[in-house]
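Undergrad: So here's final_27.txt, just compact mmCIF, C-alpha atoms:
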# COMPACT_ATOMS: atom_id res chain seq x y z
CA MET A 1 97.64 -6.19 -79.81
CA VAL A 2 96.30 -9.71 -79.71
CA ARG A 3 97.68 -10.71 -76.32
CA PRO A 4 95.58 -8.56 -73.98
CA ALA A 5 92.42 -9.67 -75.70
CA LYS A 6 93.41 -13.31 -75.27
CA SER A 7 94.23 -13.00 -71.58
CA GLU A 8 91.00 -11.16 -71.05
CA GLU A 9 89.14 -14.00 -72.67
CA GLU A 10 90.83 -16.49 -70.39
CA HIS A 11 89.60 -14.68 -67.29
CA ARG A 12 86.06 -14.26 -68.47
CA PRO A 13 83.93 -17.40 -68.37
CA ASP A 14 82.83 -18.39 -71.85
CA PRO A 15 79.30 -17.06 -72.34
CA GLY A 16 78.52 -19.65 -74.96
CA SER A 17 79.16 -22.69 -72.75
CA GLU A 18 76.63 -21.68 -70.12
CA ASP A 19 74.00 -21.20 -72.81
CA SER A 20 74.63 -24.60 -74.34
CA ASP A 21 74.55 -26.24 -70.89
CA HIS A 22 71.20 -24.67 -70.26
CA ARG A 23 69.94 -25.86 -73.63
CA GLY A 24 71.14 -29.40 -72.92
CA PHE A 25 69.43 -29.40 -69.55
CA ALA A 26 66.13 -28.10 -70.89
CA ASN A 27 66.18 -30.55 -73.80
CA ALA A 28 66.88 -33.44 -71.44
CA ALA A 29 64.16 -32.49 -69.01
CA TRP A 30 61.61 -32.36 -71.84
CA ALA A 31 62.87 -35.54 -73.52
CA ILE A 32 62.83 -37.83 -70.46
CA PRO A 33 59.05 -38.49 -70.30
CA SER A 34 58.97 -39.33 -73.97
CA TYR A 35 61.92 -41.73 -73.61
CA ILE A 36 60.18 -43.55 -70.78
CA LEU A 37 56.87 -43.66 -72.66
CA SER A 38 58.49 -45.00 -75.79
CA GLY A 39 60.43 -47.62 -73.83
CA MET A 40 57.20 -48.87 -72.34
CA ALA A 41 55.43 -48.70 -75.72
CA VAL A 42 58.11 -50.63 -77.63
CA TYR A 43 58.62 -53.49 -75.18
CA GLY A 44 55.06 -53.50 -73.87
CA GLY A 45 53.86 -53.75 -77.46
CA LEU A 46 56.32 -56.58 -78.09
CA GLY A 47 55.03 -58.35 -74.99
CA LYS A 48 51.45 -57.87 -76.10
CA LEU A 49 52.19 -59.33 -79.52
CA LEU A 50 53.93 -62.32 -77.93
CA ASP A 51 50.98 -62.76 -75.59
CA HIS A 52 48.68 -62.76 -78.59
CA TRP A 53 50.69 -65.40 -80.42
CA LEU A 54 51.63 -67.64 -77.51
CA GLY A 55 48.32 -67.42 -75.67
CA THR A 56 49.90 -66.19 -72.44
CA SER A 57 48.94 -63.10 -70.49
CA ALA A 58 51.96 -62.27 -68.35
CA LEU A 59 54.32 -61.00 -71.05
CA PHE A 60 52.58 -57.63 -71.54
CA PRO A 61 53.23 -56.29 -67.99
CA ILE A 62 56.69 -57.88 -67.98
CA GLY A 63 57.46 -56.18 -71.28
CA ILE A 64 56.32 -52.84 -69.89
CA LEU A 65 58.60 -53.18 -66.88
CA VAL A 66 61.54 -54.29 -69.05
CA GLY A 67 60.97 -51.33 -71.38
CA LEU A 68 60.81 -49.01 -68.38
CA ALA A 69 64.10 -50.34 -67.05
CA LEU A 70 65.78 -50.01 -70.46
CA ALA A 71 64.47 -46.47 -70.93
CA ILE A 72 65.77 -45.42 -67.52
CA TYR A 73 69.11 -47.03 -68.36
CA LEU A 74 69.16 -45.05 -71.61
CA VAL A 75 68.39 -41.82 -69.75
CA PHE A 76 71.15 -42.56 -67.22
CA HIS A 77 73.60 -43.22 -70.01
CA ARG A 78 72.64 -40.14 -72.03
CA TYR A 79 72.34 -37.58 -69.27
CA GLY A 80 74.17 -39.17 -66.35
CA ARG A 81 77.89 -38.86 -65.84
CA MET B 82 20.84 -19.26 -75.33
CA SER B 83 22.81 -17.84 -72.41
CA ALA B 84 26.20 -19.28 -71.58
CA PRO B 85 25.34 -20.64 -68.10
CA HIS B 86 22.23 -22.26 -69.51
CA LEU B 87 24.35 -23.96 -72.12
CA LEU B 88 26.79 -25.17 -69.49
CA ALA B 89 24.15 -26.55 -67.11
CA SER B 90 22.25 -28.51 -69.67
CA GLY B 91 20.76 -30.92 -67.12
CA SER B 92 17.01 -30.85 -67.56
CA GLY B 93 15.96 -32.56 -64.32
CA ASP B 94 16.30 -31.56 -60.70
CA GLU B 95 19.77 -32.98 -60.32
CA PHE B 96 22.98 -31.07 -60.78
CA GLU B 97 24.74 -32.21 -63.91
CA ALA B 98 28.44 -31.50 -64.32
CA PRO B 99 29.51 -30.15 -67.72
CA GLY B 100 30.95 -32.86 -69.92
CA LEU B 101 32.64 -33.08 -73.27
CA HIS B 102 29.65 -31.49 -74.99
CA ILE B 103 30.87 -28.02 -73.98
CA PHE B 104 33.56 -28.42 -76.65
CA ASP B 105 31.09 -29.31 -79.40
CA TRP B 106 30.15 -26.26 -81.39
CA GLY B 107 27.98 -26.52 -84.46
CA PRO B 108 28.04 -24.05 -87.34
CA LEU B 109 28.02 -20.48 -86.05
CA ILE B 110 24.99 -19.58 -88.17
CA PRO B 111 22.72 -22.60 -87.61
CA SER B 112 20.36 -21.93 -90.52
CA GLY B 113 23.07 -20.55 -92.79
CA PRO B 114 24.05 -21.89 -96.18
CA ALA B 115 25.88 -25.21 -96.34
CA TRP B 116 29.11 -23.66 -97.57
CA LEU B 117 29.38 -21.75 -94.28
CA ASP B 118 29.30 -24.90 -92.14
CA TRP B 119 33.04 -24.72 -91.56
CA LEU B 120 32.60 -21.48 -89.62
CA THR B 121 32.31 -22.78 -86.05
CA LYS B 122 33.33 -21.03 -82.86
CA PRO B 123 36.85 -22.52 -82.69
CA THR B 124 37.43 -21.60 -86.34
CA LEU B 125 36.28 -18.08 -85.63
CA ILE B 126 38.69 -17.82 -82.70
CA VAL B 127 41.58 -19.04 -84.86
CA ILE B 128 40.73 -16.45 -87.52
CA LEU B 129 40.44 -13.72 -84.90
CA ALA B 130 43.78 -14.71 -83.35
CA GLY B 131 45.41 -14.64 -86.78
CA LEU B 132 43.97 -11.23 -87.56
CA LEU B 133 44.93 -9.96 -84.11
CA ILE B 134 48.58 -10.93 -84.41
CA THR B 135 48.72 -9.44 -87.91
CA VAL B 136 47.33 -6.13 -86.68
CA PHE B 137 49.48 -6.25 -83.56
CA ALA B 138 52.72 -6.86 -85.44
CA TRP B 139 51.76 -4.27 -88.06
CA ARG B 140 51.01 -1.59 -85.48
CA ALA B 141 54.12 -2.45 -83.46
CA PHE B 142 56.74 -2.89 -86.16
CA GLY B 143 55.20 -1.44 -89.34
CA ASN B 144 56.47 2.06 -88.77
CA PRO B 145 59.07 1.83 -85.99
CA LYS B 146 60.25 4.97 -84.24
CA LEU B 147 63.59 5.37 -82.55
CA VAL B 148 61.78 6.32 -79.33
CA PRO B 149 59.02 3.68 -79.11
CA LYS B 150 55.57 4.63 -77.94
CA GLY B 151 52.18 2.97 -77.76
CA VAL B 152 51.88 -0.48 -79.30
CA GLN B 153 55.54 -0.46 -80.29
CA ASN B 154 56.47 -0.61 -76.59
CA VAL B 155 54.40 -3.73 -76.05
CA GLY B 156 55.72 -5.29 -79.23
CA GLU B 157 59.33 -4.65 -78.27
CA VAL B 158 58.85 -6.08 -74.80
CA GLY B 159 57.30 -9.19 -76.37
CA TYR B 160 60.06 -9.44 -78.96
CA LEU B 161 62.78 -9.12 -76.31
CA PHE B 162 61.08 -11.71 -74.14
CA VAL B 163 60.87 -14.28 -76.94
CA ARG B 164 64.42 -13.52 -78.08
CA ASP B 165 66.11 -13.64 -74.67
CA GLN B 166 64.06 -16.42 -73.07
CA VAL B 167 63.43 -18.68 -76.06
CA ALA B 168 65.48 -18.05 -79.19
CA ARG B 169 68.94 -17.35 -77.79
CA PRO B 170 69.07 -19.93 -74.98
CA MET B 171 67.54 -22.67 -77.13
CA ILE B 172 69.01 -22.13 -80.60
CA GLY B 173 72.18 -20.25 -79.75
CA LYS B 174 73.92 -17.45 -81.56
CA ASP B 175 71.96 -17.90 -84.79
CA GLY B 176 68.70 -17.81 -82.85
CA ASP B 177 67.85 -14.30 -84.06
CA LYS B 178 67.35 -15.68 -87.54
CA TRP B 179 64.40 -17.72 -86.27
CA MET B 180 62.71 -14.85 -84.45
CA PRO B 181 59.94 -14.22 -87.06
CA PHE B 182 58.73 -17.79 -86.74
CA LEU B 183 59.06 -17.99 -82.95
CA PHE B 184 57.50 -14.58 -82.35
CA SER B 185 54.45 -15.34 -84.45
CA THR B 186 54.09 -18.83 -82.98
CA PHE B 187 54.24 -17.51 -79.45
CA PHE B 188 51.67 -14.77 -79.94
CA PHE B 189 49.40 -16.89 -82.13
CA VAL B 190 49.22 -19.62 -79.49
CA LEU B 191 48.94 -17.02 -76.72
CA PHE B 192 45.99 -15.29 -78.36
CA MET B 193 44.23 -18.57 -79.04
CA ASN B 194 44.76 -19.64 -75.42
CA LEU B 195 43.65 -16.32 -73.96
CA ALA B 196 40.37 -16.60 -75.86
CA GLY B 197 39.44 -18.98 -73.03
CA VAL B 198 39.01 -16.10 -70.59
CA VAL B 199 37.77 -13.39 -72.97
CA PRO B 200 34.11 -12.86 -71.94
CA VAL B 201 32.22 -13.56 -75.16
CA LEU B 202 34.57 -16.06 -76.80
CA GLN B 203 35.31 -18.16 -73.67
CA LEU B 204 36.82 -21.12 -75.44
CA PRO B 205 40.55 -21.66 -75.86
CA ALA B 206 40.80 -22.69 -79.50
CA THR B 207 43.77 -24.91 -78.61
CA SER B 208 41.47 -27.12 -76.51
CA HIS B 209 40.61 -28.77 -79.82
CA ILE B 210 43.45 -31.20 -80.53
CA ALA B 211 43.43 -30.41 -84.26
CA ILE B 212 44.96 -26.98 -83.76
CA PRO B 213 47.97 -27.93 -81.60
CA ILE B 214 48.55 -30.92 -83.88
CA VAL B 215 48.77 -28.74 -86.98
CA LEU B 216 51.21 -26.39 -85.24
CA ALA B 217 53.26 -29.32 -83.94
CA ILE B 218 53.36 -30.92 -87.41
CA VAL B 219 54.69 -27.69 -88.89
CA VAL B 220 57.49 -27.65 -86.31
CA TYR B 221 58.10 -31.38 -86.78
CA LEU B 222 58.44 -31.18 -90.57
CA MET B 223 60.74 -28.19 -90.16
CA MET B 224 62.84 -30.15 -87.66
CA LEU B 225 63.10 -33.16 -90.00
CA PHE B 226 64.07 -30.96 -92.95
CA LEU B 227 66.69 -29.02 -90.96
CA SER B 228 68.13 -32.17 -89.38
CA ILE B 229 68.58 -33.90 -92.72
CA LYS B 230 69.96 -30.73 -94.28
CA HIS B 231 72.51 -30.10 -91.52
CA GLN B 232 73.47 -33.67 -90.54
CA GLY B 233 72.68 -35.70 -93.63
CA LEU B 234 70.13 -38.50 -93.76
CA VAL B 235 72.51 -41.17 -92.41
CA GLY B 236 74.11 -38.82 -89.90
CA TYR B 237 70.76 -37.77 -88.52
CA PHE B 238 69.65 -41.33 -87.79
CA LYS B 239 73.10 -42.24 -86.52
CA ASN B 240 73.18 -39.31 -84.08
CA MET B 241 69.67 -40.05 -82.97
CA MET B 242 69.68 -43.83 -82.57
CA PHE B 243 73.25 -44.65 -81.59
CA PRO B 244 74.57 -42.55 -78.70
CA PRO B 245 78.30 -43.29 -78.40
CA GLY B 246 79.80 -45.29 -75.56
CA LEU B 247 77.42 -48.22 -75.27
CA PRO B 248 78.33 -51.91 -75.69
CA ALA B 249 77.30 -53.08 -79.16
CA PRO B 250 74.53 -55.57 -78.23
CA LEU B 251 72.67 -52.90 -76.31
CA TYR B 252 72.23 -50.85 -79.46
CA ILE B 253 69.86 -53.45 -80.84
CA ILE B 254 67.47 -53.16 -77.91
CA LEU B 255 67.88 -49.43 -77.27
CA ALA B 256 67.66 -48.13 -80.85
CA PRO B 257 63.88 -48.78 -81.19
CA ILE B 258 63.27 -46.76 -78.03
CA GLU B 259 65.24 -43.82 -79.41
CA LEU B 260 63.55 -44.07 -82.78
CA LEU B 261 60.02 -44.13 -81.35
CA SER B 262 60.82 -41.38 -78.86
CA ASN B 263 62.29 -39.00 -81.44
CA ILE B 264 60.19 -39.70 -84.51
CA VAL B 265 56.73 -40.58 -83.20
CA LEU B 266 56.31 -39.38 -79.64
CA ARG B 267 57.99 -35.99 -80.02
CA PRO B 268 55.33 -34.22 -82.11
CA PHE B 269 52.67 -36.11 -80.19
CA THR B 270 53.77 -34.95 -76.74
CA HIS B 271 54.46 -31.49 -78.16
CA ALA B 272 50.83 -31.15 -79.23
CA VAL B 273 49.27 -33.03 -76.32
CA ARG B 274 50.97 -30.88 -73.66
CA LEU B 275 49.27 -27.76 -75.00
CA PHE B 276 45.97 -29.46 -75.78
CA ALA B 277 45.60 -31.27 -72.43
CA ASN B 278 46.34 -28.19 -70.37
CA MET B 279 43.84 -26.04 -72.24
CA PHE B 280 41.21 -28.78 -72.29
CA ALA B 281 41.46 -29.50 -68.56
CA GLY B 282 41.58 -25.81 -67.66
CA HIS B 283 38.47 -24.99 -69.68
CA LEU B 284 36.64 -27.97 -68.13
CA LEU B 285 37.62 -26.82 -64.63
CA ILE B 286 36.36 -23.26 -65.16
CA ALA B 287 33.15 -24.59 -66.71
CA PHE B 288 32.66 -26.96 -63.79
CA PHE B 289 33.06 -24.36 -61.07
CA SER B 290 30.96 -21.75 -62.83
CA THR B 291 28.22 -24.35 -63.36
CA VAL B 292 28.32 -25.19 -59.66
CA ALA B 293 28.00 -21.51 -58.76
CA TRP B 294 25.15 -20.92 -61.23
CA TRP B 295 23.24 -24.03 -60.20
CA PHE B 296 23.46 -23.63 -56.43
CA LEU B 297 23.14 -19.84 -56.28
CA ALA B 298 20.75 -19.01 -59.10
CA GLU B 299 18.73 -22.01 -60.17
CA LYS B 300 18.28 -24.08 -57.02
CA LEU B 301 19.00 -21.79 -54.09
CA THR B 302 18.73 -23.73 -50.82
CA VAL B 303 20.22 -23.17 -47.37
CA LEU B 304 22.55 -26.14 -47.67
CA GLY B 305 23.46 -25.48 -51.27
CA ALA B 306 24.32 -21.79 -50.84
CA GLY B 307 27.64 -22.60 -49.20
CA VAL B 308 28.62 -24.88 -52.07
CA GLY B 309 27.57 -22.18 -54.52
CA VAL B 310 29.72 -19.54 -52.81
CA VAL B 311 32.69 -21.90 -52.88
CA GLY B 312 32.07 -22.55 -56.58
CA PHE B 313 31.85 -18.80 -57.25
CA LEU B 314 35.12 -18.08 -55.46
CA MET B 315 36.82 -21.01 -57.16
CA THR B 316 35.66 -19.73 -60.54
CA ILE B 317 37.46 -16.45 -59.92
CA ILE B 318 40.60 -18.17 -58.59
CA MET B 319 40.68 -20.69 -61.42
CA THR B 320 40.21 -17.96 -64.02
CA ALA B 321 43.25 -16.13 -62.67
CA PHE B 322 45.16 -19.41 -62.58
CA GLU B 323 44.04 -20.17 -66.15
CA ILE B 324 45.45 -16.86 -67.42
CA PHE B 325 48.78 -17.90 -65.90
CA VAL B 326 48.62 -21.43 -67.35
CA GLN B 327 47.62 -20.14 -70.79
CA SER B 328 50.60 -17.80 -70.96
CA LEU B 329 52.90 -20.51 -69.60
CA GLN B 330 51.73 -23.07 -72.13
CA ALA B 331 52.18 -20.66 -75.02
CA PHE B 332 55.72 -20.05 -73.74
CA ILE B 333 56.44 -23.78 -73.36
CA PHE B 334 55.09 -24.57 -76.82
CA THR B 335 57.41 -21.98 -78.34
CA LEU B 336 60.29 -23.13 -76.12
CA LEU B 337 59.92 -26.72 -77.32
CA ALA B 338 59.67 -25.62 -80.95
CA ALA B 339 62.88 -23.64 -80.54
CA SER B 340 64.51 -26.54 -78.73
CA TYR B 341 63.70 -28.93 -81.59
CA ILE B 342 65.01 -26.46 -84.16
CA GLY B 343 68.15 -25.91 -82.06
CA GLY B 344 68.66 -29.66 -81.72
CA ALA B 345 68.39 -30.05 -85.48
CA LEU B 346 70.94 -27.30 -86.12
CA HIS B 347 73.46 -28.32 -83.44
CA PRO B 348 73.24 -32.08 -82.93
CA ASP B 349 75.92 -32.30 -80.23
CA HIS B 350 73.42 -31.68 -77.42
CA MET C 351 22.11 -33.28 -52.35
CA LEU C 352 21.89 -35.13 -49.04
CA ALA C 353 19.74 -37.83 -50.58
CA GLU C 354 22.27 -38.18 -53.37
CA ALA C 355 25.09 -38.69 -50.86
CA VAL C 356 23.07 -41.37 -49.09
CA ASN C 357 22.47 -43.08 -52.40
CA VAL C 358 26.18 -43.04 -53.17
CA LEU C 359 26.96 -44.54 -49.76
CA ALA C 360 24.29 -47.20 -50.12
CA SER C 361 25.65 -48.43 -53.43
CA ALA C 362 29.16 -48.78 -52.05
CA ASP C 363 29.40 -52.43 -53.07
CA LYS C 364 29.44 -51.46 -56.74
CA VAL C 365 31.73 -48.87 -58.26
CA THR C 366 31.15 -47.77 -61.82
CA GLY C 367 32.52 -45.14 -64.17
CA SER C 368 35.89 -44.59 -65.77
CA LEU C 369 37.97 -46.01 -62.96
CA GLY C 370 41.15 -45.93 -65.03
CA SER C 371 41.00 -42.13 -65.05
CA VAL C 372 40.39 -42.05 -61.29
CA ALA C 373 43.30 -44.41 -60.76
CA TYR C 374 45.61 -42.27 -62.85
CA GLY C 375 44.50 -39.20 -60.95
CA LEU C 376 45.43 -40.88 -57.68
CA ALA C 377 48.66 -42.28 -59.11
CA ALA C 378 49.74 -38.83 -60.29
CA ILE C 379 49.61 -37.27 -56.82
CA GLY C 380 52.81 -38.85 -55.53
CA PRO C 381 55.00 -38.23 -58.58
CA GLY C 382 53.61 -34.68 -58.75
CA ILE C 383 54.83 -33.99 -55.23
CA GLY C 384 58.10 -35.79 -56.00
CA VAL C 385 58.87 -33.81 -59.14
CA GLY C 386 58.07 -30.61 -57.29
CA ILE C 387 60.48 -31.52 -54.51
CA ILE C 388 63.23 -32.54 -56.94
CA PHE C 389 63.20 -29.35 -58.99
CA GLY C 390 62.50 -27.11 -55.99
CA GLN C 391 65.40 -28.48 -53.98
CA GLY C 392 67.57 -28.60 -57.09
CA VAL C 393 67.03 -24.90 -57.80
CA GLN C 394 67.74 -24.14 -54.17
CA ALA C 395 70.93 -26.18 -54.27
CA ILE C 396 72.07 -24.36 -57.43
CA ALA C 397 71.31 -21.03 -55.77
CA ARG C 398 73.40 -21.99 -52.75
CA GLN C 399 76.35 -23.46 -54.62
CA PRO C 400 76.41 -22.20 -58.21
CA GLU C 401 79.82 -23.77 -58.83
CA LEU C 402 78.27 -27.25 -58.54
CA THR C 403 75.56 -26.47 -61.11
CA ASN C 404 76.46 -29.27 -63.51
CA VAL C 405 76.54 -32.02 -60.88
CA ILE C 406 73.25 -30.84 -59.38
CA ARG C 407 71.60 -30.68 -62.79
CA GLN C 408 72.64 -34.24 -63.60
CA ASN C 409 71.28 -35.53 -60.33
CA MET C 410 68.07 -33.55 -60.85
CA LEU C 411 67.60 -35.23 -64.23
CA LEU C 412 68.21 -38.73 -62.87
CA GLY C 413 65.82 -38.21 -59.96
CA PHE C 414 63.29 -36.73 -62.35
CA ALA C 415 63.53 -39.79 -64.63
CA LEU C 416 62.90 -42.19 -61.75
CA THR C 417 59.98 -40.17 -60.41
CA GLU C 418 58.40 -39.61 -63.79
CA ALA C 419 58.51 -43.36 -64.37
CA LEU C 420 56.07 -43.82 -61.49
CA ALA C 421 53.58 -41.43 -63.04
CA LEU C 422 53.84 -43.21 -66.38
CA ILE C 423 53.38 -46.61 -64.74
CA GLY C 424 50.13 -45.25 -63.35
CA PHE C 425 49.26 -44.19 -66.88
CA VAL C 426 49.66 -47.68 -68.40
CA VAL C 427 48.24 -49.80 -65.57
CA PRO C 428 44.62 -49.31 -66.76
CA PHE C 429 45.66 -50.69 -70.18
CA VAL C 430 47.30 -53.76 -68.65
CA HIS C 431 44.81 -54.66 -65.97
CA LYS C 432 41.32 -54.28 -67.36
Starting from the file, lay out its structure as structure tokens.

TA:
Amino acid sequence: MVRPAKSEEEHRPDPGSEDSDHRGFANAAWAIPSYILSGMAVYGGLGKLLDHWLGTSALFPIGILVGLALAIYLVFHRYGR
Amino acid sequence: MSAPHLLASGSGDEFEAPGLHIFDWGPLIPSGPAWLDWLTKPTLIVILAGLLITVFAWRAFGNPKLVPKGVQNVGEVGYLFVRDQVARPMIGKDGDKWMPFLFSTFFFVLFMNLAGVVPVLQLPATSHIAIPIVLAIVVYLMMLFLSIKHQGLVGYFKNMMFPPGLPAPLYIILAPIELLSNIVLRPFTHAVRLFANMFAGHLLIAFFSTVAWWFLAEKLTVLGAGVGVVGFLMTIIMTAFEIFVQSLQAFIFTLLAASYIGGALHPDH
Amino acid sequence: MLAEAVNVLASADKVTGSLGSVAYGLAAIGPGIGVGIIFGQGVQAIARQPELTNVIRQNMLLGFALTEALALIGFVVPFVHK
């Protein structure tokens, strides 16, 4: 009784996995801009604070670029292979 | 106080584009009592949208027939759309449990957006940031509660801030990014996406209709007539485009709400 | 209207207004086209070879992240360079 059902299930692709793949993709696509923004905000803000304390002016843009690079690395790690 | 006159408030001979003042609405009854000051046009639209969805859901599902007819048809099409496009793909098998919330959110936002093209109202209530923010905060609090309930307080922050498979020193510099992205920016972008689209769309329609009114009706010249015709045609095109964008944004707002709820319930994705 | 255009041309040595917004508008053109190309071609690729869906989706996301970064750089440049 159980066997035919099992073999049938093996042939049919699992309907749940496609759904969860789609959900992962949609979540990732919506989350990427906010990752990049928060990377820039965290390290740009750090750079701005350091600028304020040290009296320099270059650390703010550098911090933004570093945060951007880190955020893209995070996205690659989370959603890449 | 006709609508085009209100839009083209420039008093001189120069064309003045509509600015932020088209979103400022005083009390609906200017000389009314002070306790009615809260009743502005956006508030009225929110109340109307709330009443409309109540009546709509009541008429559609209050006394369901086996063979649907009339409003029940529309309601069932809407229900199936939200269930098959939003709830089930985003939340999964237990998505049907969340349908009451998602259905009302979708149609509430949709009605508030569509008020932007309804002739007398002509203001999408969601173009005031307060309204998307309140909706986003409701979803956000729900997401926090569900996450902590289903993953535990420590588990939630661990899942969120420490994705597995990274070298240990990198966690120190990557965890703040994850924290800010998930805790602060998520409700913010959720609300701003809806707000910015409605705001910009309303400004665009107002701009083109002001151009048409100014160059065709108030200061009709040979040179200006062409500009006025272009403005008139663009008003029609942009209105059609706005209807599309308003429906799309209501869908996306609901989709993101469902996606956050789904992420709280099933943290593996 | 003609006189206004002449005035604008004559005062070309001085630009005023919210230039940050103008700059972001210009900076958003390129990434807008890029994101459109990425998702358009990605959907087409999935339609042609559905069995490679997962690989294509990953590459779509990575390309989207890089392109979106450009738009967000345009967003923060007015804050950095006043």

Undergrad: So that I can see what lies close to Tyr79 (chain A), please list as number ranges by chain the residues with an atom at most 9 Å from it, counting only C-alpha atoms and leaving out residues fewer than 6 positions away in the same chain.

TA: A: 25, 28; C: 408, 411-412

Undergrad: I need the contact residues of chain B against chain C, so if you could list those with any atom within 12 Å, counting all atoms listed in the file, and return them as number ranges by chain, that would help.

TA: B: 94-97, 296, 300, 302-306, 308

Undergrad: How close does region 194-278 of chain B get to region 109-127 of chain B? List, as CSV, each residue of region 194-278 of chain B within 12 Å, its nearest atom pair and the distance in Å to one decimal, counting all atoms listed in the file.

TA:
residue,atom,partner,partner_atom,distance
B:Asn194,CA,B:Ile126,CA,9.7
B:Leu195,CA,B:Ile126,CA,10.2
B:Ala196,CA,B:Ile126,CA,7.1
B:Gly197,CA,B:Ile126,CA,9.8
B:Val199,CA,B:Ile126,CA,10.7
B:Val201,CA,B:Lys122,CA,10.8
B:Leu202,CA,B:Ile126,CA,7.4
B:Gln203,CA,B:Ile126,CA,9.6
B:Leu204,CA,B:Pro123,CA,7.4
B:Pro205,CA,B:Pro123,CA,7.8
B:Ala206,CA,B:Pro123,CA,5.1
B:Thr207,CA,B:Pro123,CA,8.4
B:Ser208,CA,B:Pro123,CA,9.0
B:His209,CA,B:Pro123,CA,7.8
B:Ile210,CA,B:Pro123,CA,11.1
B:Ala211,CA,B:Pro123,CA,10.4
B:Ile212,CA,B:Val127,CA,8.7
B:Pro213,CA,B:Val127,CA,11.4

Undergrad: Define the interface residues of chain A facing chain C as those within 8 Å, counting only C-alpha atoms, and report them as number ranges by chain.

TA: A: 25, 28-29, 32-33, 36-37, 60-61, 68, 72, 75-76, 79-81

Undergrad: Could the residues in this selection be saved with C-alpha atoms as a compact mmCIF listing (two decimals), in the frame of the given file?

TA:
# COMPACT_ATOMS: atom_id res chain seq x y z
CA PHE A 25 69.43 -29.40 -69.55
CA ALA A 28 66.88 -33.44 -71.44
CA ALA A 29 64.16 -32.49 -69.01
CA ILE A 32 62.83 -37.83 -70.46
CA PRO A 33 59.05 -38.49 -70.30
CA ILE A 36 60.18 -43.55 -70.78
CA LEU A 37 56.87 -43.66 -72.66
CA PHE A 60 52.58 -57.63 -71.54
CA PRO A 61 53.23 -56.29 -67.99
CA LEU A 68 60.81 -49.01 -68.38
CA ILE A 72 65.77 -45.42 -67.52
CA VAL A 75 68.39 -41.82 -69.75
CA PHE A 76 71.15 -42.56 -67.22
CA TYR A 79 72.34 -37.58 -69.27
CA GLY A 80 74.17 -39.17 -66.35
CA ARG A 81 77.89 -38.86 -65.84

Undergrad: Set the distance at 12 Å and use all atoms listed in the file: which residues neighbour Ile258 (chain B) once local chain neighbours fewer than 2 positions away are removed? I'd like the list as number ranges by chain.

TA: A: 32, 34-45, 66-75; B: 241-243, 251-256, 260-266

Undergrad: Store the residues picked out above in a file with C-alpha atoms, as an mmCIF file, keeping the file's coordinate frame.

TA:
data_model
loop_
_atom_site.group_PDB
_atom_site.id
_atom_site.type_symbol
_atom_site.label_atom_id
_atom_site.label_comp_id
_atom_site.auth_asym_id
_atom_site.auth_seq_id
_atom_site.Cartn_x
_atom_site.Cartn_y
_atom_site.Cartn_z
ATOM 1 C CA ILE A 32 62.830 -37.830 -70.460
ATOM 2 C CA SER A 34 58.970 -39.330 -73.970
ATOM 3 C CA TYR A 35 61.920 -41.730 -73.610
ATOM 4 C CA ILE A 36 60.180 -43.550 -70.780
ATOM 5 C CA LEU A 37 56.870 -43.660 -72.660
ATOM 6 C CA SER A 38 58.490 -45.000 -75.790
ATOM 7 C CA GLY A 39 60.430 -47.620 -73.830
ATOM 8 C CA MET A 40 57.200 -48.870 -72.340
ATOM 9 C CA ALA A 41 55.430 -48.700 -75.720
ATOM 10 C CA VAL A 42 58.110 -50.630 -77.630
ATOM 11 C CA TYR A 43 58.620 -53.490 -75.180
ATOM 12 C CA GLY A 44 55.060 -53.500 -73.870
ATOM 13 C CA GLY A 45 53.860 -53.750 -77.460
ATOM 14 C CA VAL A 66 61.540 -54.290 -69.050
ATOM 15 C CA GLY A 67 60.970 -51.330 -71.380
ATOM 16 C CA LEU A 68 60.810 -49.010 -68.380
ATOM 17 C CA ALA A 69 64.100 -50.340 -67.050
ATOM 18 C CA LEU A 70 65.780 -50.010 -70.460
ATOM 19 C CA ALA A 71 64.470 -46.470 -70.930
ATOM 20 C CA ILE A 72 65.770 -45.420 -67.520
ATOM 21 C CA TYR A 73 69.110 -47.030 -68.360
ATOM 22 C CA LEU A 74 69.160 -45.050 -71.610
ATOM 23 C CA VAL A 75 68.390 -41.820 -69.750
ATOM 24 C CA MET B 241 69.670 -40.050 -82.970
ATOM 25 C CA MET B 242 69.680 -43.830 -82.570
ATOM 26 C CA PHE B 243 73.250 -44.650 -81.590
ATOM 27 C CA LEU B 251 72.670 -52.900 -76.310
ATOM 28 C CA TYR B 252 72.230 -50.850 -79.460
ATOM 29 C CA ILE B 253 69.860 -53.450 -80.840
ATOM 30 C CA ILE B 254 67.470 -53.160 -77.910
ATOM 31 C CA LEU B 255 67.880 -49.430 -77.270
ATOM 32 C CA ALA B 256 67.660 -48.130 -80.850
ATOM 33 C CA LEU B 260 63.550 -44.070 -82.780
ATOM 34 C CA LEU B 261 60.020 -44.130 -81.350
ATOM 35 C CA SER B 262 60.820 -41.380 -78.860
ATOM 36 C CA ASN B 263 62.290 -39.000 -81.440
ATOM 37 C CA ILE B 264 60.190 -39.700 -84.510
ATOM 38 C CA VAL B 265 56.730 -40.580 -83.200
ATOM 39 C CA LEU B 266 56.310 -39.380 -79.640
#

Undergrad: Using CA of Val235 (chain B) and CA of Arg78 (chain A) as the two end points, give the distance in Å to one decimal.

TA: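 So the two atoms, CA of Val235 (chain B) and CA of Arg78 (chain A), lie 20.4 Å apart.
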
Undergrad: Taking only C-alpha atoms into account, which residues of chain B are within 12 Å of chain A, as a count of residues only?

TA: 59
